[in-house]
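**Q** Dropping the structure in here first, questions after.
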Amino acid sequence: MPEQKNNPLHGITLEMILKELLYQYGWEELGYRIRINCFISNPTTKSSLTFLRKTPWARTKVENLYLEMMRTRERKGEIEEK
């Protein structure tokens, strides 16, 4: 298995990403930022994870939003770099 030194998502599960985005934005804002039905119509963590695991393009959008959020936090000094 190749090393993941340059992968910023290495060791972070999809569930952890989703929970962090929900903490930051909530369902309504998340549905506004990423227009997918699992965030808009009766959203739950379980149903969203199921959809994201089966839908690569949606997962990529969620991962990109997470990375953007983390970069913003780093710039604001809200988190320490590892």
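Each chain in the structure tokens gets a letter, A, B, ..., in the order shown, and its residues are numbered from 1; ligands are numbered from 1 in order too.
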Could you name the residues that touch range 62-73 of chain A at 8 Å or less, counting only C-alpha atoms, but leaving out those on the same chain fewer than 6 positions away, as a list in words?
**A**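 Surrounding residues, per the criterion: Pro8, Ile17, Leu18, Glu20, Leu21, Ile34 and Ile79 of chain A.
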**Q** Write a file of the selected residues as a PDB file, in the first residue's frame, keeping C-alpha atoms.
**A**
```pdb
ATOM      1  CA  PRO A   8      -4.314  15.770   3.837  1.00  0.00           C
ATOM      2  CA  ILE A  17     -15.475  14.830   7.887  1.00  0.00           C
ATOM      3  CA  LEU A  18     -19.272  14.929   7.811  1.00  0.00           C
ATOM      4  CA  GLU A  20     -17.051  18.324  11.445  1.00  0.00           C
ATOM      5  CA  LEU A  21     -18.907  19.968   8.547  1.00  0.00           C
ATOM      6  CA  ILE A  34     -23.345  21.376  -1.638  1.00  0.00           C
ATOM      7  CA  ILE A  79      -6.247  25.265  14.724  1.00  0.00           C
TER       8      ILE A  79
END
```
**Q** Run DSSP on the backbone and tell me which residues of chain A come out as alpha helix (DSSP H); list them as JSON, numbers by chain.
**A** {"A": [14, 15, 16, 17, 18, 19, 20, 21, 22, 23, 24, 25, 26, 27, 28, 29, 30, 31, 32, 33, 37, 38, 39, 40, 45, 46, 47, 48, 49, 50, 51, 52, 53, 54, 56, 57, 58, 59, 60, 61, 62, 63, 64, 65, 66, 67, 68, 69, 70, 71, 72, 73, 74, 75, 76]}
**Q** Determine the nearest neighbour of Thr13 in chain A from the options A:Ala58, A:Cys38, A:Leu30, A:Leu52, counting only C-alpha atoms.
**A** A:Leu52
**Q** Phe39 in chain A: which residues within 10 Å, counting only C-alpha atoms, same-chain residues fewer than 5 positions away excluded, as a PDB file with N, CA and C atoms, in the first residue's frame?
**A**
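Resulting contents of part.pdb:
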```pdb
ATOM      1  N   GLY A  26     -24.011  23.050   9.919  1.00  0.00           N
ATOM      2  CA  GLY A  26     -25.385  22.560  10.096  1.00  0.00           C
ATOM      3  C   GLY A  26     -25.935  22.064   8.762  1.00  0.00           C
ATOM      4  N   TRP A  27     -27.072  21.352   8.817  1.00  0.00           N
ATOM      5  CA  TRP A  27     -27.646  20.755   7.610  1.00  0.00           C
ATOM      6  C   TRP A  27     -28.062  21.800   6.586  1.00  0.00           C
ATOM      7  N   GLU A  28     -28.698  22.873   7.038  1.00  0.00           N
ATOM      8  CA  GLU A  28     -29.214  23.869   6.102  1.00  0.00           C
ATOM      9  C   GLU A  28     -28.089  24.508   5.286  1.00  0.00           C
ATOM     10  N   GLU A  29     -27.063  24.968   5.953  1.00  0.00           N
ATOM     11  CA  GLU A  29     -25.938  25.594   5.262  1.00  0.00           C
ATOM     12  C   GLU A  29     -25.173  24.580   4.417  1.00  0.00           C
ATOM     13  N   LEU A  30     -25.031  23.360   4.911  1.00  0.00           N
ATOM     14  CA  LEU A  30     -24.351  22.323   4.148  1.00  0.00           C
ATOM     15  C   LEU A  30     -25.121  22.031   2.851  1.00  0.00           C
ATOM     16  N   GLY A  31     -26.442  21.974   2.940  1.00  0.00           N
ATOM     17  CA  GLY A  31     -27.273  21.773   1.752  1.00  0.00           C
ATOM     18  C   GLY A  31     -27.197  22.927   0.778  1.00  0.00           C
ATOM     19  N   TYR A  32     -26.972  24.126   1.297  1.00  0.00           N
ATOM     20  CA  TYR A  32     -26.806  25.296   0.436  1.00  0.00           C
ATOM     21  C   TYR A  32     -25.445  25.257  -0.277  1.00  0.00           C
ATOM     22  N   ARG A  33     -24.413  24.881   0.449  1.00  0.00           N
ATOM     23  CA  ARG A  33     -23.062  24.863  -0.119  1.00  0.00           C
ATOM     24  C   ARG A  33     -22.849  23.698  -1.076  1.00  0.00           C
ATOM     25  N   ILE A  34     -23.445  22.551  -0.765  1.00  0.00           N
ATOM     26  CA  ILE A  34     -23.345  21.376  -1.638  1.00  0.00           C
ATOM     27  C   ILE A  34     -24.776  20.927  -1.920  1.00  0.00           C
ATOM     28  N   THR A  44     -30.023  12.913   7.476  1.00  0.00           N
ATOM     29  CA  THR A  44     -29.488  12.227   8.648  1.00  0.00           C
ATOM     30  C   THR A  44     -28.037  11.874   8.340  1.00  0.00           C
ATOM     31  N   THR A  45     -27.270  11.707   9.372  1.00  0.00           N
ATOM     32  CA  THR A  45     -25.871  11.334   9.177  1.00  0.00           C
ATOM     33  C   THR A  45     -25.783   9.983   8.477  1.00  0.00           C
ATOM     34  N   SER A  47     -27.962   8.309   6.473  1.00  0.00           N
ATOM     35  CA  SER A  47     -28.350   8.305   5.057  1.00  0.00           C
ATOM     36  C   SER A  47     -27.348   9.077   4.204  1.00  0.00           C
ATOM     37  N   SER A  48     -26.796  10.150   4.747  1.00  0.00           N
ATOM     38  CA  SER A  48     -25.809  10.932   4.005  1.00  0.00           C
ATOM     39  C   SER A  48     -24.534  10.131   3.794  1.00  0.00           C
TER      40      SER A  48
END
```
**Q** In Å, rounded to a single decimal, give me how far CA of Arg35 in chain A is from CA of Lys61 in chain A.
**A** 9.8 Å
